[in-house]
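Worksheet: the structure to be examined is printed underneath.
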Amino acid sequence: MGENDYQLTGAEIVFKALHEHDVEYIFGYPGGAVLPLYDQISKEKKIKHILVRHEQGAGHAAEGYARSSGKTGIALVTSGPGATNMVTALTDALMDSIPLVCITGQVPTHLIGTDAFQECDTTGITRPCTKHNWLVKDVNQLAETIHKAFHVANSGRPGPVLVDIPKDVQFQKGIYKSSKDVVVETYKPKVKAELSDIEKAIELIIKSKKPIIYSGGGVINAGVKASDTLTEFIRITNFPITSTLQGLGAFPGSDPQFLGMLGMHGTYEANNAMHECDLMINIGARFDDRITGRVDAFSPSSKKIHIDIDPSSINKIVKVDLAIVGDCLSVLSDMLTTLKNKHSDFCNSNKENISGWWKQINKWRDKKSLSYKKDDKLIMPQYAVERLYEITKNQDSYITTEVGQHQMWAAQFYKFNKPNRWMTSGGLGTMGFGLPAAIGTQVANPGKLVVDIAGEASILMNIQEMSTAVQYKLPVKIFILNNQWMGMVRQWQELLHGKNYSESYTEALPDFVKLAEAYGAVGIRATNPKELDDKILEMVDIDRPVIFDCLVKKDENCFPMIPSGKAHNEMILGPEDKEGITEEGKVLV
Amino acid sequence: MSKSAYEIDSNIDKIERYVIVAWVDNEAGVLARLSGLFSGRGYNIESLAVAQVDEERKISRITIATYGTEGVIKQIQAQVLKLVPVHKVNIYPINEKTIFRELALVKFLGTGDVLNKAEQLCVDNNFEFLDKTPKSFIVQALGRRTEVDEFIKKIKALGEVSISRTGALAMNKGAETVKDNKGKVL
Ligand SMILES: Cc1ncc(C[n+]2csc(CCOP(=O)(O)OP(=O)(O)O)c2C)c(N)n1
Ligand SMILES: [Mg+2]
């Protein structure tokens with residue numbers, strides 16, 4: 001046999017590399033520049049391809065898959081429009097630190113730069129919305145590049161990467177290189193923190209009389225064990241804990257030590273505890289503007305510890321007293337060990353130490369900042385999420401969302417007791433995320449209940465993926481809180497723009513029940529609170545995709561709210577409580 | 001409770017000039033990554049100098065002159081270090097511990113007295129002539145940025161000039177060096 005017989009085509013190399021990384025699913029859409037790769041897919045036995053209906057859907061489905069499974073999401077799309085349709089999903093994954101490997105086809109190398117049919121500068125366009133990307137012009141570099149792509153996507157702070165492969169390279173023959181033979185020399189994130197920093201943190205922890213833990217998506221990304229370790233840490237210290245939107249589920253949401261989500265639509269107790277604490281421990285969060293409110297009034301008298309695997313997150317927005325660069329699991333384990341071994345007295349006595357603080361927190365809690373006016377004729381959106389939670393809480397459910405008021409109500413009223421059960425677009429706030437993310441989540445978790453809590457406006461942005469759900473028999477449930485408004489836009493217009501409801505009402509909406517039927521799914525509509533429970537039960541029992549059109553009160557606002565430009569202790573608690581929105585705050589988003 | 005992070009002296013908010021040096025793999029797009037990072041995050045670039053410095057390891061040294069508060073400069077360093085092809089990033093404050101050099105080629109156009117006056121200015125500065133004709137000369141101006149600035153201001157006052165500048169290069173004094181992850185000098 002000649003030397004060439006040992007060589008593989010570029011397309012074969014791609015799949016061999018994917019096998020090495022235990023890939024089970026690809027979310028993709030074909031086109032001219034990826035046909036050699038699709039030839040390979042038709043021969044594939046191990047990897048299953050999920051054909052989406054729009055490339056953005058492939059990206060969000062891969063995100064849902066990744067977030068709900070802890071694995072890497074894979075997307076495969078063609079050149080030009082296929083690649084540009086991926087941009088939103090890549091940016092979304094970058095903002096929320098989700099590991100994705102996106103493979104794009106490119107025009108053949110000799111046509112690059114000639115404005116060829118379906119050519120675009122994919123690596124140029126996606127450079128700012130990926131952790132890294134590669135254009136592979138040499139088939140012998142292909143295997144190595146894919147291994148590096150997996151390494152970069154998954155190490156340090158996870159994120160999306162893209163590998164652009166010209167069509168001729170997919171055909172050419174080359175040599176395969178195993179991931180064991182690939183060394184990445186430059187990208188080496190630090191995982192383990194200095195012991196001296198751990199000890200400094202413990203010092204602060206022991207001295208604190210008013211501590212709070214503020215945890216984020218970094219804990220989820222560090223794996224299930226990180227969540228368990230966090231939970232143990234909270235139990236031992238008896239500290240109160242609040243969480244960002246992305247961090248929900250790392251610590252049980254139904255636990256009394258959990259103060260609820262913090263930030264713009266966080267609870268009164270969480271935000272006030274952040275404001276008044278003497279020690280703040282940020283674990284895997286990034287002081288996002290939705291969390292801090294007015295930065296110069298942010299938690300003015302606390303010492304701050306920031307634990308993060310990404311050094312560029314530290315001191316970016318809020319200056320901290322102690323920076324600990326490392327993986328959340330590694331740092332939390334080290335902190336726990338130090339506490340247990342050296343300070344067992346603290347572990348026994350701390351309940352007493354901070355009882356005054358808990359008393360104060362419980363006073364804030366008594367405000368019941370999530371309460372809302374019940375109605376016996378109209379379905380209140382909060383009530384709908386509460387009922388959904390009560391009815392599904394015992395069956396290990398997975399929730400995705402779109403973006404808007406319904407997303408915040410889902411975060412406030414659905415309680416997550418485990419990590420990886422909550423998939424939402426936080427950083428980018430992408431309407432249209434929820435349905436494809438639910439599809440990816442269902443692919444990763446067959447047999448589990450997956451619900452996309454949606455708004456009627458958002459769902460229309462990627463509604464075409466219903467067709468995907470039906471094709472692959474993925475019984476996702478789309479639970480639309482239908483208020484006929486872009487509710488969150490309407491709320492801002494009401495509170496910040498003098499009730500100028502410009503273009504935020506959708507004059508013509510589809511009949512969602514008929515729409516479900518047209519796709520070959522099931523449609524259910526609920527119009528009053530009395531029938532709600534029965535209809536939710538009906539939805540949960542159907543083993544097919546369902547669109548649930550839940551007609552809710554149209555002009556309900558999402559409270560509590562820290563208006564932009566305000567501090568944590570300047571929350572609006574309800575409709576009666578609107579003073580103090582400033583001109584300065586209006587400029588912020 | 002003792003001091004919080006916000007009570008640290010306000011000196012850190014002072015905007016100053018710095019030179020940032022990054023050692024990167026010399027691969028396609030690496031400069032675009034770096035300059036895109038600066039424009040995307042709103043950092044300033046005063047000058048930028050790039051060239052491969054190690055043929056074997058294919059490493060380029062990128063030197064960026066910028067300004068900002070100490071906090072912003074540290075943030076830039078952390079962001080640049082996150083780029084995958086970057087080996088190391090170093091910050092050089094403008095002080096006596098660092099050598100700074102910038103080179104300019106200046107073509108002066110003029111005749112007779114004007115030309116002589118301009119030539120004398122170059123001689124006074126000890127700059128080397130690279131080309132001379134009766135109607136022009138090219139001189140190589142070498143020095144710290146402020147010295148080159150000063151010279152250009154003076155020669156511009158004498159007549160028409162065409163200028164090409166490299167941007168600043170920086171190196172710290174003494175035997176200390178930056179090393180790559182394998183311990184090799186960069
Ligand atoms: C792709 C995209 N475009 C625009 C926005 C701005 N935006 C944020 S919330 C919202 C309204 C969402 O309406 P709906 O889905 O009905 O949710 P509701 O707030 O009514 O619950 C809009 C337009 C966005 N987040 N994403
Ligand atoms: Mg709506």
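Every chain in the structure tokens has a letter given in the order shown (A, B, ...), and although residue numbers restart at 1 in each chain, ligands are simply numbered from 1 in the order shown.
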- Give the residues close to ligand 2, within 6 Å, counting only C-alpha atoms and all ligand atoms; write them as a PyMOL selection string. chain A and resi 455-457+482-487
(request) Can you pull out every residue within 7 Å of Pro30 (chain A), counting only C-alpha atoms, but drop anything in the same chain fewer than 6 positions away, and send it as a ChimeraX atom specification? (result) /A:38,77-78
Query - Contact residues around Pro128 (chain A) with only C-alpha atoms at 8 Å, ignoring same-chain residues under 2 positions, as a ChimeraX atom specification - result: /A:125-126,130-131 /B:33,36-37,40
Please dump the current selection as a tab-separated table (two decimals), in the first residue's frame; keep all heavy atoms.
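Output below, filename result.tsv:
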```tsv
chain	number	residue	atom	x	y	z
A	125	ILE	N	-15.52	38.22	10.61
A	125	ILE	CA	-16.81	38.58	11.22
A	125	ILE	C	-16.95	38.01	12.63
A	125	ILE	O	-17.49	38.65	13.51
A	125	ILE	CB	-17.97	38.07	10.33
A	125	ILE	CG1	-18.03	38.88	9.03
A	125	ILE	CG2	-19.30	38.14	11.06
A	125	ILE	CD1	-18.98	38.30	7.99
A	126	THR	N	-16.44	36.81	12.84
A	126	THR	CA	-16.68	36.16	14.14
A	126	THR	C	-15.52	36.35	15.12
A	126	THR	O	-15.57	35.83	16.23
A	126	THR	CB	-16.94	34.65	13.98
A	126	THR	OG1	-15.80	34.04	13.37
A	126	THR	CG2	-18.16	34.40	13.12
A	130	THR	N	-16.07	35.23	19.24
A	130	THR	CA	-15.62	33.89	19.63
A	130	THR	C	-14.44	34.07	20.58
A	130	THR	O	-13.82	35.14	20.61
A	130	THR	CB	-15.12	33.07	18.43
A	130	THR	OG1	-14.16	33.85	17.70
A	130	THR	CG2	-16.24	32.67	17.51
A	131	LYS	N	-14.13	33.01	21.34
A	131	LYS	CA	-12.91	33.05	22.14
A	131	LYS	C	-11.71	33.02	21.21
A	131	LYS	O	-10.70	33.65	21.44
A	131	LYS	CB	-12.83	31.81	23.05
A	131	LYS	CG	-13.40	32.01	24.42
A	131	LYS	CD	-13.21	30.76	25.25
A	131	LYS	CE	-11.90	30.80	26.04
A	131	LYS	NZ	-11.80	29.62	26.95
B	33	ARG	N	-6.80	40.69	15.73
B	33	ARG	CA	-7.35	40.34	17.05
B	33	ARG	C	-7.00	41.41	18.07
B	33	ARG	O	-7.83	41.83	18.87
B	33	ARG	CB	-6.76	39.01	17.53
B	33	ARG	CG	-7.47	37.83	17.00
B	33	ARG	CD	-6.85	36.53	17.48
B	33	ARG	NE	-6.87	35.57	16.40
B	33	ARG	CZ	-7.99	34.99	15.97
B	33	ARG	NH1	-9.13	35.22	16.54
B	33	ARG	NH2	-7.95	34.15	14.95
B	36	GLY	N	-8.54	44.83	17.10
B	36	GLY	CA	-9.98	44.72	17.31
B	36	GLY	C	-10.35	44.77	18.78
B	36	GLY	O	-11.35	45.37	19.17
B	37	LEU	N	-9.53	44.15	19.61
B	37	LEU	CA	-9.75	44.19	21.05
B	37	LEU	C	-9.70	45.64	21.55
B	37	LEU	O	-10.53	46.08	22.33
B	37	LEU	CB	-8.69	43.35	21.76
B	37	LEU	CG	-8.69	43.41	23.27
B	37	LEU	CD1	-9.80	42.54	23.83
B	37	LEU	CD2	-7.38	42.97	23.84
B	40	GLY	N	-12.75	47.59	20.01
B	40	GLY	CA	-14.00	47.07	20.55
B	40	GLY	C	-14.23	47.48	21.99
B	40	GLY	O	-15.36	47.70	22.42
```
When the cut-off is 10 Å and we count only C-alpha atoms, which residues of chain A are near chain B, given as a compact mmCIF listing (two decimals) with all heavy atoms, in the first residue's frame?
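Listed below is the output, selection.txt:
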```
# COMPACT_ATOMS: atom_id res chain seq x y z
N THR A 123 -13.94 34.31 9.55
CA THR A 123 -13.10 34.50 10.73
C THR A 123 -13.04 35.98 11.10
O THR A 123 -12.96 36.32 12.29
CB THR A 123 -11.68 33.92 10.55
OG1 THR A 123 -11.17 34.37 9.29
CG2 THR A 123 -11.69 32.42 10.60
N GLY A 124 -13.10 36.86 10.10
CA GLY A 124 -13.12 38.30 10.40
C GLY A 124 -14.39 38.70 11.12
O GLY A 124 -14.35 39.42 12.12
N ARG A 127 -14.51 37.09 14.72
CA ARG A 127 -13.36 37.27 15.63
C ARG A 127 -13.79 37.87 16.97
O ARG A 127 -13.43 37.35 18.02
CB ARG A 127 -12.31 38.14 14.93
CG ARG A 127 -10.93 38.00 15.54
CD ARG A 127 -9.89 38.69 14.69
NE ARG A 127 -9.56 37.96 13.49
CZ ARG A 127 -9.50 38.49 12.27
NH1 ARG A 127 -9.74 39.77 12.08
NH2 ARG A 127 -9.18 37.75 11.24
N PRO A 128 -14.59 38.95 16.96
CA PRO A 128 -14.97 39.50 18.27
C PRO A 128 -16.07 38.74 18.99
O PRO A 128 -16.39 39.06 20.12
CB PRO A 128 -15.43 40.93 17.94
CG PRO A 128 -15.76 40.93 16.50
CD PRO A 128 -15.04 39.81 15.84
N LYS A 131 -14.13 33.01 21.34
CA LYS A 131 -12.91 33.05 22.14
C LYS A 131 -11.71 33.02 21.21
O LYS A 131 -10.70 33.65 21.44
CB LYS A 131 -12.83 31.81 23.05
CG LYS A 131 -13.40 32.01 24.42
CD LYS A 131 -13.21 30.76 25.25
CE LYS A 131 -11.90 30.80 26.04
NZ LYS A 131 -11.80 29.62 26.95
N HIS A 132 -11.85 32.23 20.14
CA HIS A 132 -10.80 32.16 19.13
C HIS A 132 -11.40 31.52 17.89
O HIS A 132 -12.40 30.80 17.99
CB HIS A 132 -9.63 31.32 19.63
CG HIS A 132 -8.38 31.51 18.81
ND1 HIS A 132 -7.75 32.73 18.70
CD2 HIS A 132 -7.66 30.66 18.04
CE1 HIS A 132 -6.69 32.61 17.90
NE2 HIS A 132 -6.62 31.36 17.50
N ASN A 133 -10.83 31.79 16.75
CA ASN A 133 -11.28 31.10 15.54
C ASN A 133 -10.11 30.82 14.61
O ASN A 133 -9.03 31.41 14.76
CB ASN A 133 -12.40 31.87 14.84
CG ASN A 133 -11.98 33.26 14.42
OD1 ASN A 133 -10.80 33.58 14.34
ND2 ASN A 133 -12.94 34.12 14.16
N TRP A 134 -10.31 29.88 13.71
CA TRP A 134 -9.24 29.46 12.82
C TRP A 134 -9.79 29.29 11.40
O TRP A 134 -10.89 28.76 11.22
CB TRP A 134 -8.70 28.07 13.22
CG TRP A 134 -8.06 27.97 14.55
CD1 TRP A 134 -6.71 28.00 14.81
CD2 TRP A 134 -8.69 27.73 15.83
NE1 TRP A 134 -6.49 27.82 16.17
CE2 TRP A 134 -7.68 27.66 16.81
CE3 TRP A 134 -10.02 27.60 16.24
CZ2 TRP A 134 -7.94 27.45 18.16
CZ3 TRP A 134 -10.29 27.41 17.58
CH2 TRP A 134 -9.26 27.32 18.52
N LEU A 135 -9.02 29.70 10.43
CA LEU A 135 -9.28 29.33 9.04
C LEU A 135 -8.22 28.29 8.69
O LEU A 135 -7.02 28.57 8.78
CB LEU A 135 -9.16 30.57 8.13
CG LEU A 135 -9.12 30.31 6.62
CD1 LEU A 135 -10.43 29.69 6.15
CD2 LEU A 135 -8.87 31.61 5.86
N VAL A 152 -9.66 25.11 23.73
CA VAL A 152 -9.93 26.52 24.03
C VAL A 152 -11.38 26.71 24.49
O VAL A 152 -11.65 27.44 25.43
CB VAL A 152 -9.62 27.41 22.80
CG1 VAL A 152 -10.08 28.84 23.05
CG2 VAL A 152 -8.13 27.38 22.49
N GLY A 156 -10.34 27.31 31.00
CA GLY A 156 -10.51 28.65 31.54
C GLY A 156 -11.99 28.99 31.58
O GLY A 156 -12.82 28.14 31.93
N ARG A 157 -12.31 30.21 31.22
CA ARG A 157 -13.73 30.56 31.13
C ARG A 157 -14.23 30.03 29.81
O ARG A 157 -13.75 30.42 28.75
CB ARG A 157 -13.84 32.07 31.18
CG ARG A 157 -15.24 32.60 31.03
CD ARG A 157 -15.18 34.09 31.26
NE ARG A 157 -16.40 34.75 30.90
CZ ARG A 157 -16.56 36.07 30.98
NH1 ARG A 157 -15.53 36.81 31.38
NH2 ARG A 157 -17.67 36.63 30.66
N VAL A 184 -0.92 22.72 23.43
CA VAL A 184 -1.28 24.13 23.27
C VAL A 184 -0.33 24.92 24.16
O VAL A 184 -0.28 24.71 25.37
CB VAL A 184 -2.74 24.38 23.68
CG1 VAL A 184 -3.10 25.84 23.48
CG2 VAL A 184 -3.65 23.49 22.85
N GLU A 185 0.47 25.79 23.53
CA GLU A 185 1.54 26.41 24.32
C GLU A 185 1.16 27.75 24.93
O GLU A 185 1.74 28.15 25.93
CB GLU A 185 2.78 26.58 23.44
CG GLU A 185 3.54 25.28 23.36
CD GLU A 185 4.88 25.45 22.73
OE1 GLU A 185 5.34 26.60 22.62
OE2 GLU A 185 5.46 24.43 22.34
N THR A 186 0.20 28.43 24.33
CA THR A 186 -0.03 29.78 24.82
C THR A 186 -1.18 29.88 25.81
O THR A 186 -1.06 30.53 26.82
CB THR A 186 -0.31 30.75 23.66
OG1 THR A 186 -1.28 30.17 22.82
CG2 THR A 186 0.93 31.05 22.89
N TYR A 187 -2.30 29.23 25.52
CA TYR A 187 -3.49 29.47 26.32
C TYR A 187 -3.49 28.56 27.55
O TYR A 187 -3.86 27.39 27.46
CB TYR A 187 -4.72 29.26 25.46
CG TYR A 187 -6.00 29.68 26.14
CD1 TYR A 187 -6.24 31.01 26.43
CD2 TYR A 187 -6.94 28.74 26.52
CE1 TYR A 187 -7.40 31.40 27.07
CE2 TYR A 187 -8.11 29.11 27.16
CZ TYR A 187 -8.32 30.44 27.43
OH TYR A 187 -9.47 30.81 28.08
N LYS A 188 -3.05 29.09 28.70
CA LYS A 188 -2.94 28.25 29.89
C LYS A 188 -3.60 28.89 31.11
O LYS A 188 -2.93 29.47 31.96
CB LYS A 188 -1.45 28.03 30.20
CG LYS A 188 -0.72 27.30 29.09
CD LYS A 188 0.39 26.44 29.64
CE LYS A 188 0.72 25.33 28.67
NZ LYS A 188 2.08 25.26 28.22
N PRO A 189 -4.92 28.83 31.19
CA PRO A 189 -5.60 29.46 32.31
C PRO A 189 -5.22 28.79 33.64
O PRO A 189 -5.00 27.58 33.70
CB PRO A 189 -7.08 29.25 32.01
CG PRO A 189 -7.14 28.84 30.58
CD PRO A 189 -5.85 28.18 30.27
N LYS A 207 -13.94 36.85 60.39
CA LYS A 207 -14.19 38.14 61.06
C LYS A 207 -15.57 38.71 60.74
O LYS A 207 -16.07 39.54 61.50
CB LYS A 207 -13.13 39.14 60.61
CG LYS A 207 -11.83 39.04 61.39
CD LYS A 207 -11.06 40.35 61.25
CE LYS A 207 -9.60 40.08 60.98
NZ LYS A 207 -9.05 40.81 59.86
N SER A 208 -16.14 38.31 59.64
CA SER A 208 -17.34 39.00 59.16
C SER A 208 -18.54 38.82 60.07
O SER A 208 -18.82 37.72 60.56
CB SER A 208 -17.67 38.50 57.75
OG SER A 208 -18.93 38.99 57.38
N LYS A 209 -19.26 39.92 60.24
CA LYS A 209 -20.52 39.85 61.00
C LYS A 209 -21.72 39.92 60.05
O LYS A 209 -22.83 39.58 60.42
CB LYS A 209 -20.60 41.04 61.97
CG LYS A 209 -19.62 40.97 63.12
CD LYS A 209 -20.30 40.32 64.33
CE LYS A 209 -19.39 40.24 65.54
NZ LYS A 209 -18.29 39.25 65.39
N ASP A 278 -20.91 43.45 55.22
CA ASP A 278 -19.53 43.87 55.50
C ASP A 278 -18.53 42.98 54.77
O ASP A 278 -17.35 43.29 54.69
CB ASP A 278 -19.25 43.92 57.02
CG ASP A 278 -19.26 42.54 57.68
OD1 ASP A 278 -19.34 41.52 56.97
OD2 ASP A 278 -19.21 42.50 58.93
N LEU A 279 -19.01 41.87 54.23
CA LEU A 279 -18.14 41.01 53.42
C LEU A 279 -18.95 40.42 52.27
O LEU A 279 -19.98 39.79 52.49
CB LEU A 279 -17.55 39.86 54.25
CG LEU A 279 -16.73 38.84 53.46
CD1 LEU A 279 -15.44 39.47 52.92
CD2 LEU A 279 -16.39 37.62 54.31
N ASP A 296 -21.03 53.43 41.72
CA ASP A 296 -20.37 54.20 42.79
C ASP A 296 -21.14 54.14 44.10
O ASP A 296 -20.66 54.62 45.13
CB ASP A 296 -20.10 55.65 42.36
CG ASP A 296 -21.38 56.41 42.03
OD1 ASP A 296 -22.47 55.83 42.18
OD2 ASP A 296 -21.28 57.58 41.64
N SER A 299 -22.63 48.53 47.29
CA SER A 299 -22.14 47.92 48.53
C SER A 299 -21.00 48.72 49.16
O SER A 299 -19.86 48.27 49.22
CB SER A 299 -21.67 46.50 48.23
OG SER A 299 -21.49 45.80 49.43
N PRO A 300 -21.32 49.92 49.66
CA PRO A 300 -20.26 50.88 50.00
C PRO A 300 -19.35 50.47 51.15
O PRO A 300 -18.21 50.90 51.19
CB PRO A 300 -21.05 52.15 50.35
CG PRO A 300 -22.44 51.70 50.63
CD PRO A 300 -22.66 50.48 49.81
N SER A 301 -19.83 49.65 52.10
CA SER A 301 -18.95 49.43 53.26
C SER A 301 -18.51 47.99 53.41
O SER A 301 -18.25 47.52 54.50
CB SER A 301 -19.64 49.93 54.52
OG SER A 301 -20.99 49.52 54.50
N SER A 302 -18.40 47.28 52.29
CA SER A 302 -17.99 45.88 52.42
C SER A 302 -16.57 45.66 51.92
O SER A 302 -16.08 46.36 51.05
CB SER A 302 -18.93 44.98 51.62
OG SER A 302 -18.90 45.32 50.26
N LYS A 303 -15.94 44.65 52.50
CA LYS A 303 -14.74 44.07 51.90
C LYS A 303 -15.24 43.12 50.81
O LYS A 303 -16.25 42.45 50.99
CB LYS A 303 -13.99 43.25 52.94
CG LYS A 303 -13.31 44.11 53.98
CD LYS A 303 -11.88 44.35 53.58
CE LYS A 303 -11.14 45.11 54.66
NZ LYS A 303 -9.80 45.48 54.22
N LYS A 304 -14.52 43.05 49.71
CA LYS A 304 -15.00 42.22 48.61
C LYS A 304 -13.95 41.21 48.18
O LYS A 304 -12.79 41.56 47.97
CB LYS A 304 -15.38 43.11 47.43
CG LYS A 304 -16.53 44.07 47.76
CD LYS A 304 -16.85 45.02 46.63
CE LYS A 304 -17.90 46.03 47.07
NZ LYS A 304 -17.42 47.03 48.06
N ASP A 310 -11.35 33.86 35.24
CA ASP A 310 -10.94 34.81 34.20
C ASP A 310 -10.35 36.07 34.87
O ASP A 310 -11.10 36.88 35.41
CB ASP A 310 -12.17 35.18 33.36
CG ASP A 310 -11.87 36.25 32.33
OD1 ASP A 310 -10.69 36.65 32.20
OD2 ASP A 310 -12.82 36.68 31.65
N PRO A 311 -9.04 36.24 34.81
CA PRO A 311 -8.43 37.38 35.50
C PRO A 311 -8.95 38.72 34.98
O PRO A 311 -8.96 39.71 35.71
CB PRO A 311 -6.93 37.26 35.18
CG PRO A 311 -6.74 35.91 34.61
CD PRO A 311 -8.05 35.42 34.10
N SER A 312 -9.43 38.76 33.72
CA SER A 312 -9.89 40.04 33.18
C SER A 312 -11.25 40.44 33.75
O SER A 312 -11.70 41.56 33.57
CB SER A 312 -9.94 39.99 31.65
OG SER A 312 -11.02 39.21 31.22
N SER A 313 -11.93 39.52 34.45
CA SER A 313 -13.20 39.87 35.10
C SER A 313 -12.94 40.60 36.40
O SER A 313 -13.83 41.28 36.92
CB SER A 313 -14.01 38.61 35.42
OG SER A 313 -14.65 38.17 34.27
N ILE A 314 -11.76 40.42 36.93
CA ILE A 314 -11.48 40.95 38.28
C ILE A 314 -11.03 42.41 38.17
O ILE A 314 -10.19 42.75 37.33
CB ILE A 314 -10.43 40.06 38.97
CG1 ILE A 314 -11.07 38.69 39.25
CG2 ILE A 314 -9.95 40.72 40.27
CD1 ILE A 314 -10.16 37.66 39.81
N ASN A 315 -11.61 43.25 39.00
CA ASN A 315 -11.33 44.70 39.00
C ASN A 315 -11.72 45.38 37.69
O ASN A 315 -11.23 46.46 37.38
CB ASN A 315 -9.86 45.00 39.31
CG ASN A 315 -9.51 44.64 40.75
OD1 ASN A 315 -10.37 44.72 41.62
ND2 ASN A 315 -8.28 44.25 40.98
N LYS A 316 -12.57 44.76 36.90
CA LYS A 316 -13.00 45.39 35.64
C LYS A 316 -14.05 46.46 35.93
O LYS A 316 -13.99 47.55 35.38
CB LYS A 316 -13.59 44.32 34.71
CG LYS A 316 -14.04 44.89 33.37
CD LYS A 316 -14.53 43.79 32.43
CE LYS A 316 -15.81 43.15 32.95
NZ LYS A 316 -16.38 42.17 32.01
N ILE A 317 -14.99 46.14 36.81
CA ILE A 317 -16.09 47.07 37.08
C ILE A 317 -16.08 47.49 38.55
O ILE A 317 -16.22 48.66 38.86
CB ILE A 317 -17.44 46.40 36.73
CG1 ILE A 317 -17.49 46.20 35.22
CG2 ILE A 317 -18.61 47.24 37.21
CD1 ILE A 317 -18.50 45.20 34.77
N VAL A 318 -15.89 46.53 39.42
CA VAL A 318 -15.86 46.81 40.85
C VAL A 318 -14.48 46.43 41.38
O VAL A 318 -13.98 45.34 41.10
CB VAL A 318 -16.96 46.00 41.56
CG1 VAL A 318 -16.79 46.07 43.06
CG2 VAL A 318 -18.34 46.49 41.16
N LYS A 319 -13.89 47.35 42.08
CA LYS A 319 -12.57 47.10 42.64
C LYS A 319 -12.73 46.21 43.86
O LYS A 319 -13.58 46.47 44.71
CB LYS A 319 -11.96 48.45 43.01
CG LYS A 319 -10.56 48.43 43.48
CD LYS A 319 -9.61 49.06 42.45
CE LYS A 319 -8.17 48.96 42.89
NZ LYS A 319 -7.72 47.61 43.22
N VAL A 320 -11.95 45.15 43.94
CA VAL A 320 -12.12 44.24 45.07
C VAL A 320 -10.88 44.24 45.96
O VAL A 320 -9.80 44.64 45.55
CB VAL A 320 -12.42 42.79 44.60
CG1 VAL A 320 -13.76 42.73 43.89
CG2 VAL A 320 -11.32 42.23 43.74
N ASP A 321 -11.09 43.77 47.20
CA ASP A 321 -10.00 43.75 48.17
C ASP A 321 -9.14 42.50 48.03
O ASP A 321 -7.96 42.53 48.32
CB ASP A 321 -10.59 43.80 49.58
CG ASP A 321 -11.42 45.06 49.78
OD1 ASP A 321 -10.87 46.07 50.20
OD2 ASP A 321 -12.63 45.02 49.46
N LEU A 322 -9.77 41.40 47.62
CA LEU A 322 -9.00 40.16 47.48
C LEU A 322 -9.44 39.46 46.19
O LEU A 322 -10.60 39.10 46.04
CB LEU A 322 -9.25 39.25 48.70
CG LEU A 322 -8.58 37.88 48.67
CD1 LEU A 322 -7.07 38.00 48.54
CD2 LEU A 322 -8.94 37.08 49.91
```
I'd like a table as a Markdown table: residues in chain A with an atom no more than 9 Å from ligand 1, each row giving the shortest atom pair and its distance in Å to one decimal, only C-alpha atoms and all ligand atoms counted, sorted by chain and rising residue number.
```
| residue | atom | partner | partner_atom_place_in_ligand_line | distance |
| --- | --- | --- | --- | --- |
| A:Thr88 | CA | ligand 1 | 1 (C) | 8.6 |
| A:Pro381 | CA | ligand 1 | 21 (O) | 8.7 |
| A:Glu402 | CA | ligand 1 | 15 (O) | 6.5 |
| A:Val403 | CA | ligand 1 | 9 (S) | 5.2 |
| A:Gly404 | CA | ligand 1 | 19 (O) | 3.4 |
| A:Gln405 | CA | ligand 1 | 21 (O) | 3.8 |
| A:His406 | CA | ligand 1 | 21 (O) | 3.9 |
| A:Gln407 | CA | ligand 1 | 21 (O) | 6.6 |
| A:Met408 | CA | ligand 1 | 21 (O) | 8.2 |
| A:Trp409 | CA | ligand 1 | 21 (O) | 8.4 |
| A:Leu428 | CA | ligand 1 | 25 (N) | 7.6 |
| A:Gly429 | CA | ligand 1 | 25 (N) | 4.8 |
| A:Thr430 | CA | ligand 1 | 26 (N) | 4.4 |
| A:Met431 | CA | ligand 1 | 26 (N) | 4.1 |
| A:Gly432 | CA | ligand 1 | 1 (C) | 6.6 |
| A:Phe433 | CA | ligand 1 | 1 (C) | 8.7 |
| A:Ala454 | CA | ligand 1 | 15 (O) | 6.3 |
| A:Gly455 | CA | ligand 1 | 15 (O) | 3.4 |
| A:Glu456 | CA | ligand 1 | 16 (O) | 4.4 |
| A:Ala457 | CA | ligand 1 | 15 (O) | 3.8 |
| A:Ser458 | CA | ligand 1 | 15 (O) | 3.5 |
| A:Ile459 | CA | ligand 1 | 15 (O) | 6.4 |
| A:Leu460 | CA | ligand 1 | 15 (O) | 8.2 |
| A:Met461 | CA | ligand 1 | 1 (C) | 7.5 |
| A:Ile480 | CA | ligand 1 | 16 (O) | 8.5 |
| A:Leu481 | CA | ligand 1 | 21 (O) | 6.4 |
| A:Asn482 | CA | ligand 1 | 16 (O) | 6.7 |
| A:Asn483 | CA | ligand 1 | 20 (O) | 5.8 |
| A:Gln484 | CA | ligand 1 | 16 (O) | 6.4 |
| A:Trp485 | CA | ligand 1 | 20 (O) | 5.1 |
| A:Met486 | CA | ligand 1 | 13 (O) | 3.3 |
| A:Gly487 | CA | ligand 1 | 20 (O) | 3.2 |
| A:Met488 | CA | ligand 1 | 19 (O) | 3.9 |
| A:Val489 | CA | ligand 1 | 11 (C) | 5.4 |
| A:Arg490 | CA | ligand 1 | 19 (O) | 7.8 |
| A:Gln491 | CA | ligand 1 | 19 (O) | 8.2 |
| A:Ser504 | CA | ligand 1 | 23 (C) | 7.4 |
| A:Tyr505 | CA | ligand 1 | 16 (O) | 8.9 |
| A:Thr506 | CA | ligand 1 | 16 (O) | 8.7 |
| A:Lys554 | CA | ligand 1 | 20 (O) | 8.4 |
| A:Cys558 | CA | ligand 1 | 19 (O) | 8.9 |
```
